[in-house]
>>> print(open('upload_36.pdb').read())   # PDB, C-alpha atoms
ATOM      1  CA  MET A   1      93.107 164.495 139.750
ATOM      2  CA  GLU A   2      96.460 166.008 138.732
ATOM      3  CA  LYS A   3      99.313 166.235 141.205
ATOM      4  CA  ASP A   4     101.421 169.253 142.081
ATOM      5  CA  GLY A   5     105.222 169.267 142.416
ATOM      6  CA  THR A   6     105.048 167.726 145.899
ATOM      7  CA  GLY A   7     102.875 164.831 144.786
ATOM      8  CA  ASN A   8      99.720 166.267 146.352
ATOM      9  CA  PRO A   9      96.585 166.167 144.203
ATOM     10  CA  ILE A  10      95.377 169.430 142.634
ATOM     11  CA  PRO A  11      91.576 169.710 142.902
ATOM     12  CA  LYS A  12      89.923 170.517 139.574
ATOM     13  CA  SER A  13      86.226 170.515 140.305
ATOM     14  CA  LEU A  14      84.003 171.696 143.099
ATOM     15  CA  ALA A  15      83.398 168.072 144.114
ATOM     16  CA  ASP A  16      87.158 167.476 144.346
ATOM     17  CA  ILE A  17      87.591 170.581 146.485
ATOM     18  CA  ARG A  18      84.770 169.610 148.807
ATOM     19  CA  GLU A  19      86.163 166.087 149.117
ATOM     20  CA  ALA A  20      89.579 167.525 149.988
ATOM     21  CA  ILE A  21      88.014 169.836 152.603
ATOM     22  CA  ALA A  22      86.191 166.876 154.164
ATOM     23  CA  GLU A  23      89.400 164.843 154.304
ATOM     24  CA  CYS A  24      91.304 167.770 155.787
ATOM     25  CA  ASP A  25      88.614 168.342 158.412
ATOM     26  CA  ALA A  26      88.640 164.645 159.343
ATOM     27  CA  LEU A  27      92.405 164.723 159.793
ATOM     28  CA  ARG A  28      92.287 167.931 161.841
ATOM     29  CA  LEU A  29      89.936 166.357 164.364
ATOM     30  CA  ASP A  30      92.462 163.654 165.283
ATOM     31  CA  PRO A  31      93.303 164.264 168.985
ATOM     32  CA  ASP A  32      96.778 162.743 168.618
ATOM     33  CA  LEU A  33      97.767 165.198 165.867
ATOM     34  CA  PRO A  34     100.686 167.489 166.769
ATOM     35  CA  ALA A  35      99.879 171.224 166.961
ATOM     36  CA  ALA A  36     102.117 172.095 164.004
ATOM     37  CA  ASP A  37     100.372 169.555 161.789
ATOM     38  CA  ARG A  38      96.952 170.752 162.970
ATOM     39  CA  ARG A  39      97.909 174.355 162.141
ATOM     40  CA  SER A  40      99.116 173.235 158.701
ATOM     41  CA  LEU A  41      95.841 171.395 158.094
ATOM     42  CA  GLU A  42      93.853 174.449 159.198
ATOM     43  CA  GLU A  43      95.781 176.618 156.724
ATOM     44  CA  THR A  44      95.169 174.019 154.037
ATOM     45  CA  ALA A  45      91.442 173.942 154.834
ATOM     46  CA  LEU A  46      91.311 177.742 154.662
ATOM     47  CA  SER A  47      93.069 177.711 151.277
ATOM     48  CA  LEU A  48      90.680 175.042 150.008
ATOM     49  CA  ARG A  49      87.656 177.028 151.163
ATOM     50  CA  ASN A  50      88.985 180.133 149.416
ATOM     51  CA  LEU A  51      89.505 178.072 146.270
ATOM     52  CA  GLU A  52      85.962 176.736 146.633
ATOM     53  CA  ARG A  53      84.564 180.287 146.887
ATOM     54  CA  GLU A  54      86.509 181.389 143.807
ATOM     55  CA  LEU A  55      85.281 178.418 141.808
ATOM     56  CA  ILE A  56      81.687 179.059 142.914
ATOM     57  CA  ASP A  57      81.995 182.737 141.923
ATOM     58  CA  GLU A  58      83.367 181.833 138.488
ATOM     59  CA  THR A  59      80.728 179.174 137.983
ATOM     60  CA  SER A  60      77.875 181.396 139.135
ATOM     61  CA  ASP A  61      78.913 184.195 136.767
ATOM     62  CA  THR A  62      78.978 181.739 133.868
ATOM     63  CA  LEU A  63      75.614 180.278 134.868
ATOM     64  CA  ILE A  64      74.034 183.705 135.192
ATOM     65  CA  ASP A  65      75.236 184.654 131.710
ATOM     66  CA  ARG A  66      73.917 181.396 130.274
ATOM     67  CA  LEU A  67      70.553 181.785 132.024
ATOM     68  CA  GLU A  68      70.178 185.355 130.795
ATOM     69  CA  ALA A  69      70.960 184.269 127.242
ATOM     70  CA  ALA A  70      68.475 181.400 127.511
ATOM     71  CA  SER A  71      65.763 183.643 128.931
ATOM     72  CA  ARG A  72      65.796 186.124 126.022
ATOM     73  CA  PRO A  73      63.783 183.884 123.676
ATOM     74  CA  LEU A  74      61.330 183.200 126.519
ATOM     75  CA  GLU A  75      60.899 186.922 127.112
ATOM     76  CA  ASP A  76      60.234 187.428 123.397
ATOM     77  CA  LEU A  77      57.731 184.584 123.409
ATOM     78  CA  ALA A  78      55.970 185.983 126.495
ATOM     79  CA  ARG A  79      55.755 189.426 124.846
ATOM     80  CA  ASP A  80      54.302 187.830 121.697
ATOM     81  CA  ILE A  81      51.754 185.879 123.751
ATOM     82  CA  ARG A  82      50.698 189.040 125.624
ATOM     83  CA  ASP A  83      50.248 190.862 122.303
ATOM     84  CA  ARG A  84      48.175 188.022 120.888
ATOM     85  CA  VAL A  85      45.988 187.803 123.989
ATOM     86  CA  THR A  86      45.411 191.550 123.852
ATOM     87  CA  SER A  87      44.387 191.350 120.199
ATOM     88  CA  MET A  88      42.156 188.343 120.913
ATOM     89  CA  ASN A  89      40.420 190.216 123.748
ATOM     90  CA  THR A  90      39.508 193.173 121.516
ATOM     91  CA  PRO A  91      36.488 191.508 119.827
ATOM     92  CA  ALA A  92      35.295 190.150 123.170
ATOM     93  CA  LYS A  93      35.411 193.630 124.695
ATOM     94  CA  ALA A  94      33.519 195.057 121.715
ATOM     95  CA  LEU A  95      30.865 192.358 122.084
ATOM     96  CA  GLU A  96      30.596 193.152 125.797
ATOM     97  CA  HIS A  97      29.890 196.809 124.951
ATOM     98  CA  VAL A  98      27.294 195.778 122.350
ATOM     99  CA  LYS A  99      25.680 193.473 124.911
ATOM    100  CA  LYS A 100      25.486 196.272 127.484
ATOM    101  CA  PHE A 101      24.041 198.638 124.898
ATOM    102  CA  ALA A 102      21.465 196.043 123.793
ATOM    103  CA  SER A 103      20.537 195.418 127.423
ATOM    104  CA  LEU A 104      20.092 199.146 128.007
ATOM    105  CA  VAL A 105      17.922 199.484 124.879
ATOM    106  CA  THR A 106      15.858 196.477 126.013
ATOM    107  CA  ARG A 107      15.295 198.015 129.457
ATOM    108  CA  ILE A 108      14.313 201.357 127.911
ATOM    109  CA  LEU A 109      11.879 199.676 125.505
ATOM    110  CA  THR A 110      10.448 197.615 128.356
ATOM    111  CA  GLU A 111       9.860 200.759 130.424
ATOM    112  CA  VAL A 112       8.339 202.576 127.426
ATOM    113  CA  GLY A 113       6.085 199.596 126.842
ATOM    114  CA  ARG A 114       4.775 199.785 130.434
ATOM    115  CA  TRP A 115       3.500 203.348 129.919
TER     116      TRP A 115
END
>>> encode(input="upload_36.pdb", output="structure tokens")
Amino acid sequence: MEKDGTGNPIPKSLADIREAIAECDALRLDPDLPAADRRSLEETALSLRNLERELIDETSDTLIDRLEAASRPLEDLARDIRDRVTSMNTPAKALEHVKKFASLVTRILTEVGRW
């Protein structure tokens, strides 16, 4: 982790920020801590949480863009599969109609044969 002008580390990743928040929270809970130091730690924790939110927003926007780009080929593939299934179902539907027609003709011939 890099350090700022005062020698304090500058968090670079979300893990670093969360680690810094945890350390800050642990220090703030110390009952022997003077009020001024506690207030300073609370301001630091607030700044770290804001930084965490900003980093999450930036990361989520990037991830959303990447997921949308990755999903385009899948959408094309799904559309192609639907088209192929539709074309494969056409002969089956035609055969179903022929079967129904043949069944109807068979029933009619059976009834005619009974007379």
>>> atom_distance(input="upload_36.pdb", atom1="atom CA of A:Asp16", atom2="atom CA of A:Arg49")
11.7 Å
>>> resolve_selection(input="upload_36.pdb", expression="the PyMOL selection byres ((chain A and resi 24) around 10)", output="short mmCIF file (atom, residue, chain, number, x, y, z; two decimals) with C-alpha atoms, keeping the file's coordinate frame")
data_model
loop_
_atom_site.label_atom_id
_atom_site.label_comp_id
_atom_site.auth_asym_id
_atom_site.auth_seq_id
_atom_site.Cartn_x
_atom_site.Cartn_y
_atom_site.Cartn_z
CA ARG A 18 84.77 169.61 148.81
CA GLU A 19 86.16 166.09 149.12
CA ALA A 20 89.58 167.52 149.99
CA ILE A 21 88.01 169.84 152.60
CA ALA A 22 86.19 166.88 154.16
CA GLU A 23 89.40 164.84 154.30
CA ASP A 25 88.61 168.34 158.41
CA ALA A 26 88.64 164.64 159.34
CA LEU A 27 92.40 164.72 159.79
CA ARG A 28 92.29 167.93 161.84
CA LEU A 29 89.94 166.36 164.36
CA ARG A 38 96.95 170.75 162.97
CA SER A 40 99.12 173.24 158.70
CA LEU A 41 95.84 171.40 158.09
CA GLU A 42 93.85 174.45 159.20
CA GLU A 43 95.78 176.62 156.72
CA THR A 44 95.17 174.02 154.04
CA ALA A 45 91.44 173.94 154.83
CA LEU A 48 90.68 175.04 150.01
#
>>> atom_distance(input="upload_36.pdb", atom1="atom CA of A:Ser103", atom2="atom CA of A:Asn89")
20.9 Å
>>> atom_distance(input="upload_36.pdb", atom1="atom CA of A:Asp65", atom2="atom CA of A:Arg82")
25.7 Å
>>> closest_residue(input="upload_36.pdb", among="A:Arg107, A:Arg53, A:Arg114, A:Lys99", to="A:Ile17", atoms="only C-alpha atoms")
A:Arg53
>>> closest_residue(input="upload_36.pdb", among="A:Leu51, A:Ala94, A:Leu77, A:Ala69", to="A:Ala15", atoms="only C-alpha atoms")
A:Leu51
>>> build_atoms(input="upload_36.pdb", residues="stretch 37-48 of chain A", atoms="all heavy atoms", output="PDB file, keeping the file's coordinate frame")
ATOM      1  N   ASP A  37     101.117 170.204 162.872  1.00  0.00           N
ATOM      2  CA  ASP A  37     100.372 169.555 161.789  1.00  0.00           C
ATOM      3  C   ASP A  37      98.934 170.062 161.738  1.00  0.00           C
ATOM      4  O   ASP A  37      98.380 170.277 160.658  1.00  0.00           O
ATOM      5  CB  ASP A  37     100.383 168.037 161.957  1.00  0.00           C
ATOM      6  CG  ASP A  37     101.761 167.435 161.713  1.00  0.00           C
ATOM      7  OD1 ASP A  37     102.610 168.128 161.124  1.00  0.00           O
ATOM      8  OD2 ASP A  37     101.975 166.269 162.119  1.00  0.00           O
ATOM      9  N   ARG A  38      98.328 170.248 162.906  1.00  0.00           N
ATOM     10  CA  ARG A  38      96.952 170.752 162.970  1.00  0.00           C
ATOM     11  C   ARG A  38      96.882 172.153 162.341  1.00  0.00           C
ATOM     12  O   ARG A  38      95.982 172.464 161.577  1.00  0.00           O
ATOM     13  CB  ARG A  38      96.447 170.789 164.416  1.00  0.00           C
ATOM     14  CG  ARG A  38      94.968 171.163 164.520  1.00  0.00           C
ATOM     15  CD  ARG A  38      94.463 171.175 165.955  1.00  0.00           C
ATOM     16  NE  ARG A  38      94.936 170.084 166.777  1.00  0.00           N
ATOM     17  CZ  ARG A  38      94.422 168.842 166.788  1.00  0.00           C
ATOM     18  NH1 ARG A  38      93.416 168.556 166.005  1.00  0.00           N
ATOM     19  NH2 ARG A  38      94.907 167.907 167.575  1.00  0.00           N
ATOM     20  N   ARG A  39      97.858 172.997 162.675  1.00  0.00           N
ATOM     21  CA  ARG A  39      97.909 174.355 162.141  1.00  0.00           C
ATOM     22  C   ARG A  39      98.062 174.305 160.611  1.00  0.00           C
ATOM     23  O   ARG A  39      97.417 175.038 159.879  1.00  0.00           O
ATOM     24  CB  ARG A  39      99.046 175.140 162.779  1.00  0.00           C
ATOM     25  CG  ARG A  39      99.037 176.598 162.474  1.00  0.00           C
ATOM     26  CD  ARG A  39     100.020 177.431 163.300  1.00  0.00           C
ATOM     27  NE  ARG A  39     101.227 176.742 163.766  1.00  0.00           N
ATOM     28  CZ  ARG A  39     101.395 176.256 165.019  1.00  0.00           C
ATOM     29  NH1 ARG A  39     100.445 176.392 165.911  1.00  0.00           N
ATOM     30  NH2 ARG A  39     102.512 175.658 165.364  1.00  0.00           N
ATOM     31  N   SER A  40      98.910 173.403 160.143  1.00  0.00           N
ATOM     32  CA  SER A  40      99.116 173.235 158.701  1.00  0.00           C
ATOM     33  C   SER A  40      97.823 172.787 158.018  1.00  0.00           C
ATOM     34  O   SER A  40      97.460 173.288 156.948  1.00  0.00           O
ATOM     35  CB  SER A  40     100.221 172.228 158.453  1.00  0.00           C
ATOM     36  OG  SER A  40     100.370 171.984 157.088  1.00  0.00           O
ATOM     37  N   LEU A  41      97.115 171.861 158.655  1.00  0.00           N
ATOM     38  CA  LEU A  41      95.841 171.395 158.094  1.00  0.00           C
ATOM     39  C   LEU A  41      94.788 172.493 158.105  1.00  0.00           C
ATOM     40  O   LEU A  41      93.967 172.595 157.179  1.00  0.00           O
ATOM     41  CB  LEU A  41      95.344 170.165 158.850  1.00  0.00           C
ATOM     42  CG  LEU A  41      96.090 168.860 158.567  1.00  0.00           C
ATOM     43  CD1 LEU A  41      95.659 167.782 159.539  1.00  0.00           C
ATOM     44  CD2 LEU A  41      95.856 168.420 157.131  1.00  0.00           C
ATOM     45  N   GLU A  42      94.799 173.334 159.145  1.00  0.00           N
ATOM     46  CA  GLU A  42      93.853 174.449 159.198  1.00  0.00           C
ATOM     47  C   GLU A  42      94.134 175.449 158.080  1.00  0.00           C
ATOM     48  O   GLU A  42      93.210 175.971 157.454  1.00  0.00           O
ATOM     49  CB  GLU A  42      93.906 175.121 160.565  1.00  0.00           C
ATOM     50  CG  GLU A  42      93.277 174.283 161.654  1.00  0.00           C
ATOM     51  CD  GLU A  42      93.489 174.845 163.053  1.00  0.00           C
ATOM     52  OE1 GLU A  42      94.192 175.867 163.194  1.00  0.00           O
ATOM     53  OE2 GLU A  42      92.947 174.243 163.991  1.00  0.00           O
ATOM     54  N   GLU A  43      95.423 175.722 157.823  1.00  0.00           N
ATOM     55  CA  GLU A  43      95.781 176.618 156.724  1.00  0.00           C
ATOM     56  C   GLU A  43      95.382 176.009 155.379  1.00  0.00           C
ATOM     57  O   GLU A  43      94.893 176.704 154.487  1.00  0.00           O
ATOM     58  CB  GLU A  43      97.278 176.906 156.757  1.00  0.00           C
ATOM     59  CG  GLU A  43      97.707 177.768 157.917  1.00  0.00           C
ATOM     60  CD  GLU A  43      99.219 177.883 158.045  1.00  0.00           C
ATOM     61  OE1 GLU A  43      99.946 177.309 157.201  1.00  0.00           O
ATOM     62  OE2 GLU A  43      99.670 178.553 158.988  1.00  0.00           O
ATOM     63  N   THR A  44      95.563 174.707 155.261  1.00  0.00           N
ATOM     64  CA  THR A  44      95.169 174.019 154.037  1.00  0.00           C
ATOM     65  C   THR A  44      93.656 174.097 153.843  1.00  0.00           C
ATOM     66  O   THR A  44      93.176 174.369 152.736  1.00  0.00           O
ATOM     67  CB  THR A  44      95.615 172.547 154.075  1.00  0.00           C
ATOM     68  OG1 THR A  44      97.035 172.501 154.253  1.00  0.00           O
ATOM     69  CG2 THR A  44      95.229 171.805 152.816  1.00  0.00           C
ATOM     70  N   ALA A  45      92.902 173.872 154.917  1.00  0.00           N
ATOM     71  CA  ALA A  45      91.442 173.942 154.834  1.00  0.00           C
ATOM     72  C   ALA A  45      91.004 175.348 154.444  1.00  0.00           C
ATOM     73  O   ALA A  45      90.084 175.521 153.624  1.00  0.00           O
ATOM     74  CB  ALA A  45      90.819 173.535 156.163  1.00  0.00           C
ATOM     75  N   LEU A  46      91.640 176.358 154.999  1.00  0.00           N
ATOM     76  CA  LEU A  46      91.311 177.742 154.662  1.00  0.00           C
ATOM     77  C   LEU A  46      91.590 178.009 153.184  1.00  0.00           C
ATOM     78  O   LEU A  46      90.762 178.615 152.483  1.00  0.00           O
ATOM     79  CB  LEU A  46      92.115 178.704 155.543  1.00  0.00           C
ATOM     80  CG  LEU A  46      91.856 180.181 155.337  1.00  0.00           C
ATOM     81  CD1 LEU A  46      90.403 180.522 155.652  1.00  0.00           C
ATOM     82  CD2 LEU A  46      92.785 181.003 156.205  1.00  0.00           C
ATOM     83  N   SER A  47      92.731 177.542 152.696  1.00  0.00           N
ATOM     84  CA  SER A  47      93.069 177.711 151.277  1.00  0.00           C
ATOM     85  C   SER A  47      92.061 176.990 150.385  1.00  0.00           C
ATOM     86  O   SER A  47      91.631 177.525 149.354  1.00  0.00           O
ATOM     87  CB  SER A  47      94.467 177.171 150.990  1.00  0.00           C
ATOM     88  OG  SER A  47      95.435 177.896 151.691  1.00  0.00           O
ATOM     89  N   LEU A  48      91.666 175.789 150.789  1.00  0.00           N
ATOM     90  CA  LEU A  48      90.680 175.042 150.008  1.00  0.00           C
ATOM     91  C   LEU A  48      89.330 175.745 149.989  1.00  0.00           C
ATOM     92  O   LEU A  48      88.652 175.783 148.964  1.00  0.00           O
ATOM     93  CB  LEU A  48      90.538 173.622 150.558  1.00  0.00           C
ATOM     94  CG  LEU A  48      91.683 172.664 150.237  1.00  0.00           C
ATOM     95  CD1 LEU A  48      91.558 171.396 151.070  1.00  0.00           C
ATOM     96  CD2 LEU A  48      91.713 172.340 148.755  1.00  0.00           C
TER      97      LEU A  48
END
